[in-house]
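The data block below is model.cif; it holds mmCIF, C-alpha atoms.
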data_start
loop_
_atom_site.label_atom_id
_atom_site.label_comp_id
_atom_site.auth_asym_id
_atom_site.auth_seq_id
_atom_site.Cartn_x
_atom_site.Cartn_y
_atom_site.Cartn_z
CA MET A 26 -1.94 0.24 24.25
CA GLN A 27 -2.12 3.33 22.10
CA ALA A 28 0.18 3.70 19.12
CA LEU A 29 1.21 7.18 20.20
CA GLU A 30 1.80 8.28 23.78
CA VAL A 31 2.43 11.93 24.51
CA ASP A 32 3.81 13.43 27.71
CA PRO A 33 4.92 17.01 28.39
CA GLU A 34 8.52 15.78 28.35
CA TRP A 35 8.53 13.06 25.70
CA ILE A 36 6.71 11.34 22.84
CA GLN A 37 6.67 7.55 22.38
CA LEU A 38 5.57 5.55 19.33
CA ASN A 39 4.51 2.00 20.13
CA SER A 40 4.64 -0.60 17.37
CA CYS A 41 1.52 -2.62 16.59
CA ASP A 42 0.05 -4.60 13.68
CA GLN A 43 -2.02 -1.65 12.50
CA LEU A 44 0.92 0.73 12.43
CA GLN A 45 3.05 1.10 9.30
CA VAL A 46 6.16 3.30 9.39
CA ASP A 47 7.78 4.22 6.08
CA VAL A 48 11.23 4.43 7.71
CA ALA A 49 10.92 0.88 9.04
CA GLN A 50 9.74 -0.42 5.67
CA PHE A 51 12.60 1.34 3.92
CA GLU A 52 15.18 -0.13 6.29
CA GLU A 53 13.72 -3.63 5.97
CA ALA A 54 13.98 -3.48 2.17
CA MET A 55 17.59 -2.32 2.39
CA ARG A 56 18.45 -5.19 4.77
CA CYS A 57 16.94 -7.76 2.41
CA CYS A 58 19.04 -6.48 -0.51
CA HIS A 59 22.26 -5.89 1.38
CA GLY A 60 25.32 -7.33 -0.33
CA ILE A 61 23.50 -8.19 -3.57
CA PRO A 62 24.91 -6.45 -6.68
CA GLY A 63 22.29 -4.56 -8.64
CA ALA A 64 22.50 -6.75 -11.74
CA GLN A 65 21.91 -9.87 -9.59
CA LEU A 66 18.69 -8.67 -7.96
CA ASP A 67 15.83 -11.09 -8.50
CA ASP A 68 12.36 -9.74 -9.22
CA ILE A 69 11.27 -9.85 -5.58
CA ALA A 70 14.33 -7.94 -4.33
CA ARG A 71 14.07 -5.46 -7.18
CA ARG A 72 10.41 -4.75 -6.43
CA ARG A 73 11.21 -4.26 -2.75
CA LEU A 74 13.84 -1.71 -3.63
CA GLU A 75 11.48 0.06 -6.00
CA ASP A 76 8.87 0.24 -3.24
CA ALA A 77 11.50 1.51 -0.82
CA VAL A 78 12.67 4.38 -3.03
CA GLY A 79 9.01 5.17 -3.71
CA LEU A 80 8.45 5.60 0.03
CA TYR A 81 11.33 8.09 0.23
CA ARG A 82 9.50 11.33 -0.58
CA GLY A 83 11.63 13.63 1.57
CA ASP A 84 14.49 13.68 4.03
CA LEU A 85 13.98 12.50 7.59
CA LEU A 86 12.37 15.16 9.80
CA GLU A 87 13.14 18.08 7.53
CA GLY A 88 13.55 21.28 9.51
CA TRP A 89 14.99 19.54 12.58
CA TYR A 90 18.66 20.20 13.31
CA GLN A 91 19.45 18.15 16.41
CA ASP A 92 22.72 16.25 16.06
CA TRP A 93 21.08 12.82 16.18
CA CYS A 94 18.63 13.87 13.49
CA LEU A 95 21.33 15.22 11.17
CA ALA A 96 23.28 11.97 11.47
CA GLU A 97 20.21 9.81 10.78
CA ARG A 98 19.14 12.03 7.89
CA GLU A 99 22.53 11.60 6.23
CA ARG A 100 22.45 7.84 6.82
CA PHE A 101 19.08 7.50 5.10
CA GLN A 102 20.23 9.67 2.20
CA ASN A 103 23.22 7.38 1.68
CA GLU A 104 20.99 4.30 1.83
CA LEU A 105 18.69 5.85 -0.76
CA LEU A 106 21.65 6.49 -3.05
CA ASP A 107 22.77 2.87 -2.60
CA ALA A 108 19.28 1.62 -3.46
CA LEU A 109 19.10 3.81 -6.56
CA GLU A 110 22.58 2.64 -7.62
CA LYS A 111 21.43 -0.99 -7.46
CA LEU A 112 18.33 -0.20 -9.49
CA VAL A 113 20.37 1.66 -12.12
CA CYS A 114 22.70 -1.35 -12.46
CA TRP A 115 19.69 -3.67 -12.71
CA CYS A 116 18.26 -1.50 -15.51
CA GLU A 117 21.58 -1.50 -17.36
CA SER A 118 21.80 -5.28 -17.23
CA ARG A 119 18.26 -5.53 -18.68
CA HIS A 120 18.77 -2.73 -21.25
CA ASP A 121 15.99 -0.71 -19.63
CA SER A 122 17.44 2.71 -20.40
CA GLU A 123 14.26 4.70 -19.66
CA ARG A 124 13.87 3.56 -16.06
CA GLY A 125 17.62 3.54 -15.52
CA LEU A 126 17.93 7.18 -16.56
CA ALA A 127 15.06 8.14 -14.26
CA TYR A 128 16.82 6.54 -11.28
CA ALA A 129 20.15 8.10 -12.26
CA LYS A 130 18.61 11.57 -12.49
CA ARG A 131 17.18 11.15 -9.02
CA MET A 132 20.66 10.30 -7.75
CA LEU A 133 22.09 13.45 -9.29
CA ALA A 134 19.35 15.51 -7.65
CA LEU A 135 20.67 14.28 -4.30
CA ASP A 136 24.38 14.37 -5.15
CA PRO A 137 25.22 16.34 -8.34
CA ALA A 138 28.94 15.51 -8.10
CA ARG A 139 28.54 11.73 -7.89
CA GLU A 140 30.77 10.83 -10.82
CA GLN A 141 29.78 7.20 -11.33
CA VAL A 142 26.20 8.33 -12.01
CA TYR A 143 27.39 10.17 -15.11
CA ARG A 144 29.04 6.97 -16.34
CA HIS A 145 25.77 5.14 -15.84
CA MET A 146 23.92 7.82 -17.78
CA MET A 147 26.45 7.74 -20.62
CA GLN A 148 26.08 3.96 -20.89
CA LEU A 149 22.28 4.12 -20.69
CA HIS A 150 22.14 6.72 -23.46
CA VAL A 151 24.30 4.44 -25.62
CA LEU A 152 21.89 1.58 -24.93
CA ALA A 153 19.08 3.85 -26.08
CA GLY A 154 21.02 4.62 -29.28
CA ASN A 155 21.67 8.24 -28.29
CA ARG A 156 25.43 8.63 -28.54
CA THR A 157 25.19 12.43 -28.81
CA GLN A 158 23.45 12.71 -25.44
CA ALA A 159 25.97 10.31 -23.93
CA LEU A 160 28.79 12.67 -24.97
CA ARG A 161 26.87 15.62 -23.55
CA GLU A 162 26.63 13.85 -20.21
CA PHE A 163 30.41 13.71 -20.10
CA GLN A 164 30.60 17.46 -20.71
CA ARG A 165 28.10 17.99 -17.92
CA CYS A 166 30.11 15.73 -15.61
CA GLU A 167 33.28 17.64 -16.43
CA ARG A 168 31.62 20.98 -15.69
CA VAL A 169 29.94 19.92 -12.42
CA LEU A 170 33.04 18.23 -10.99
CA MET A 171 35.10 21.35 -11.63
CA GLN A 172 32.47 23.65 -10.13
CA GLU A 173 31.68 21.48 -7.10
CA LEU A 174 35.03 19.90 -6.27
CA GLY A 175 37.66 21.53 -8.45
CA VAL A 176 38.67 18.21 -10.00
CA GLU A 177 38.54 16.64 -13.45
CA PRO A 178 36.78 13.37 -14.34
CA SER A 179 38.65 10.18 -13.53
CA GLN A 180 40.54 8.14 -16.10
CA GLN A 181 37.72 5.59 -16.07
CA THR A 182 35.17 8.24 -17.04
CA ARG A 183 37.47 9.69 -19.69
CA ALA A 184 38.10 6.25 -21.18
CA LEU A 185 34.36 5.63 -21.45
CA HIS A 186 33.90 9.03 -23.12
CA GLU A 187 36.65 8.29 -25.64
CA SER A 188 35.23 4.88 -26.51
CA ILE A 189 31.77 6.38 -27.07
CA ARG A 190 33.21 9.22 -29.15
CA ASP A 191 35.27 6.81 -31.27
CA GLY A 192 32.37 4.40 -31.71
CA SER A 193 34.16 1.57 -29.93
CA VAL A 194 32.31 1.74 -26.61
CA ALA A 195 32.89 -1.21 -24.30
CA SER A 196 30.08 -3.22 -22.77
CA PRO A 197 27.63 -1.10 -20.74
CA TRP A 198 27.58 -3.86 -18.12
CA ARG A 199 31.19 -3.43 -17.06
CA ASP A 200 30.60 -2.69 -13.37
CA SER A 201 27.65 -4.85 -12.47
CA GLY A 202 29.53 -7.92 -11.30
CA VAL A 203 27.98 -11.02 -12.95
CA SER A 204 30.76 -13.22 -14.26
CA GLY A 205 30.50 -14.50 -17.81
CA THR A 206 27.17 -12.86 -18.68
CA PRO A 207 25.95 -9.38 -19.52
CA GLY A 208 26.80 -7.60 -16.30
CA SER A 209 30.23 -9.17 -15.86
CA ALA A 210 32.94 -7.29 -14.06
CA SER A 211 35.26 -7.53 -17.00
CA GLY A 212 32.58 -6.66 -19.56
CA PHE A 213 32.73 -7.64 -23.18
CA ALA A 214 32.73 -5.85 -26.49
CA LEU A 215 31.00 -7.10 -29.58
CA GLU A 216 33.45 -8.33 -32.18
CA PRO A 217 33.25 -6.45 -35.49
CA LEU A 218 31.85 -8.46 -38.39
CA PRO A 219 34.49 -9.68 -40.86
CA ALA A 220 34.69 -7.91 -44.19
CA LEU A 221 32.62 -9.36 -47.04
CA ASP A 222 35.67 -10.65 -48.91
CA GLU A 223 36.80 -12.53 -45.84
CA LEU A 224 33.36 -14.09 -45.41
CA LEU A 225 33.38 -15.25 -49.04
CA LYS A 226 36.83 -16.81 -48.62
CA ARG A 227 35.66 -18.69 -45.54
CA ALA A 228 32.55 -19.95 -47.36
CA GLN A 229 34.61 -21.13 -50.38
CA HIS A 230 37.04 -22.94 -48.12
CA LEU A 231 34.18 -24.63 -46.26
CA PHE A 232 32.38 -25.80 -49.41
CA ALA A 233 35.66 -27.03 -50.98
CA GLY A 234 36.22 -29.21 -47.93
CA ILE A 235 32.69 -30.60 -48.10
CA GLU A 236 33.04 -31.38 -51.83
CA THR A 237 36.35 -33.21 -51.31
CA ARG A 238 34.92 -35.31 -48.48
CA PHE A 239 31.83 -36.15 -50.60
CA ARG A 240 33.97 -37.32 -53.56
CA GLN A 241 36.08 -39.48 -51.25
CA ASP A 242 33.00 -41.14 -49.75
CA ILE A 243 31.54 -41.90 -53.23
CA ALA A 244 34.82 -43.37 -54.47
CA ALA A 245 35.20 -45.51 -51.38
CA ALA A 246 31.66 -46.85 -51.71
CA ALA A 247 32.26 -47.77 -55.38
CA GLY A 248 35.59 -49.41 -54.69
CA ARG A 249 37.42 -47.02 -56.99
CA PRO A 250 40.74 -45.34 -56.23
CA ILE A 251 40.35 -41.83 -54.93
CA GLU A 252 41.22 -39.31 -57.62
CA PRO A 253 43.40 -36.41 -56.59
CA ASP A 254 41.87 -32.91 -56.82
#
Re-express the file's structure as structure tokens.
Amino acid sequence: MQALEVDPEWIQLNSCDQLQVDVAQFEEAMRCCHGIPGAQLDDIARRRLEDAVGLYRGDLLEGWYQDWCLAERERFQNELLDALEKLVCWCESRHDSERGLAYAKRMLALDPAREQVYRHMMQLHVLAGNRTQALREFQRCERVLMQELGVEPSQQTRALHESIRDGSVASPWRDSGVSGTPGSASGFALEPLPALDELLKRAQHLFAGIETRFRQDIAAAAGRPIEPD
């Protein structure tokens, strides 16, 4: 049986072992990763997604405008955005800002008004130590949302911007969904180091306790009464 059969009225593609279809490979990768948060992807699932987005080099049947084709084209675009979102979250959880930013930029090329992508980019720039660029991404988000949709950034995006601006940014793993580890839904912020004076006080208190316990042990071993401090 031939892989491709052509008739004046129809065209049929027959599957066989020698035939590889990028659309089928893309869909299979998406099925394997369905329901898995980006930060929880194992290496096999992550590589499958990377291969899948690499296969996506253009929209389905560009130039065709039949209703069925338009619907399928939009479905594949949305699946690509979902795949890229998972990869961005995976990169955030591994502090891989370079690859994460590349995936995020590809998302914005498909959907410039996708607000959560700007949050990802702000967080990734912070991970890379580039707070200035993170603040610029917020300005870009603000401008694009107003131009495209006539709306302002959400409170979540504004809160992230304020925390970056004030130098008290929360964990960049806030949305990735792994409980109790980097990537947890609740996130975590690093506690500030205590002031030097406070550290010295803690050290003095600790050593005083050790000294007292040592004197008590020596006195007990010698059978002498324990002298008060």
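The gap separating atom CA of A:Tyr81 from atom CA of A:Asn103 is 12.0 Å, in Å to one decimal.
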Would you kindly return, as a PyMOL selection string, each protein, DNA or RNA residue with an atom no farther than 8 Å from any atom of A:Leu109, considering only C-alpha atoms and excluding same-chain residues fewer than 3 positions away?
chain A and resi 78+105-106+112-113+128-129+131-132
Okay, now the selection with C-alpha atoms, as a compact mmCIF listing (two decimals), keeping the file's coordinate frame?
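So the final result, stored in result.txt, reads:
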# COMPACT_ATOMS: atom_id res chain seq x y z
CA VAL A 78 12.67 4.38 -3.03
CA LEU A 105 18.69 5.85 -0.76
CA LEU A 106 21.65 6.49 -3.05
CA LEU A 112 18.33 -0.20 -9.49
CA VAL A 113 20.37 1.66 -12.12
CA TYR A 128 16.82 6.54 -11.28
CA ALA A 129 20.15 8.10 -12.26
CA ARG A 131 17.18 11.15 -9.02
CA MET A 132 20.66 10.30 -7.75
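Between A:Pro62 and the residues A:Glu104, A:Asp84, A:Glu110, A:Glu30, the shortest atom-to-atom distance, using all atoms listed in the file, involves A:Glu110.
Pairwise distance (atom CA of A:Ala108, atom CA of A:Leu38) equals 26.9 Å.
With atom CA of A:Trp115 on one side and atom CA of A:Gly63 on the other, the separation reads 4.9 Å.
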Using all atoms listed in the file, give me every residue within 9 Å of (9.3, -0.8, 1.0) in file coordinates, as a JSON list (two decimals) with C-alpha atoms, keeping the file's coordinate frame.
[["chain", "number", "residue", "atom", "x", "y", "z"],
["A", 47, "ASP", "CA", 7.78, 4.22, 6.08],
["A", 48, "VAL", "CA", 11.23, 4.43, 7.71],
["A", 49, "ALA", "CA", 10.92, 0.88, 9.04],
["A", 50, "GLN", "CA", 9.74, -0.42, 5.67],
["A", 51, "PHE", "CA", 12.60, 1.34, 3.92],
["A", 52, "GLU", "CA", 15.18, -0.13, 6.29],
["A", 53, "GLU", "CA", 13.72, -3.63, 5.97],
["A", 54, "ALA", "CA", 13.98, -3.48, 2.17],
["A", 55, "MET", "CA", 17.59, -2.32, 2.39],
["A", 72, "ARG", "CA", 10.41, -4.75, -6.43],
["A", 73, "ARG", "CA", 11.21, -4.26, -2.75],
["A", 74, "LEU", "CA", 13.84, -1.71, -3.63],
["A", 75, "GLU", "CA", 11.48, 0.06, -6.00],
["A", 76, "ASP", "CA", 8.87, 0.24, -3.24],
["A", 77, "ALA", "CA", 11.50, 1.51, -0.82],
["A", 78, "VAL", "CA", 12.67, 4.38, -3.03],
["A", 79, "GLY", "CA", 9.01, 5.17, -3.71],
["A", 80, "LEU", "CA", 8.45, 5.60, 0.03]]
Expected residue set, 12 Å radius at (18.3, -1.9, -18.5), all atoms listed in the file, as JSON, numbers by chain:
{"A": [63, 64, 111, 112, 113, 114, 115, 116, 117, 118, 119, 120, 121, 122, 123, 124, 125, 126, 127, 128, 129, 145, 146, 148, 149, 150, 151, 152, 153, 197, 198, 201, 207, 208]}
Taking all listed atoms of stretch 151-163 of chain A, build the axis-aligned box, pad each of the six sides by 6 Å, then write its centre and edge lengths in Å to one decimal as lines of an AutoDock Vina configuration file.
center_x = 24.7
center_y = 8.6
center_z = -24.7
size_x = 23.3
size_y = 26.0
size_z = 21.2
I'd like the neighbourhood of A:Leu160 as a count of residues only, where a residue qualifies if any of its atoms comes within 8 Å (using only C-alpha atoms), though same-chain residues fewer than 5 positions away should be ignored.
4
Which one is closest to A:Leu85: A:Arg183, A:Arg98, A:Arg168, A:Arg71? Count only C-alpha atoms.
A:Arg98
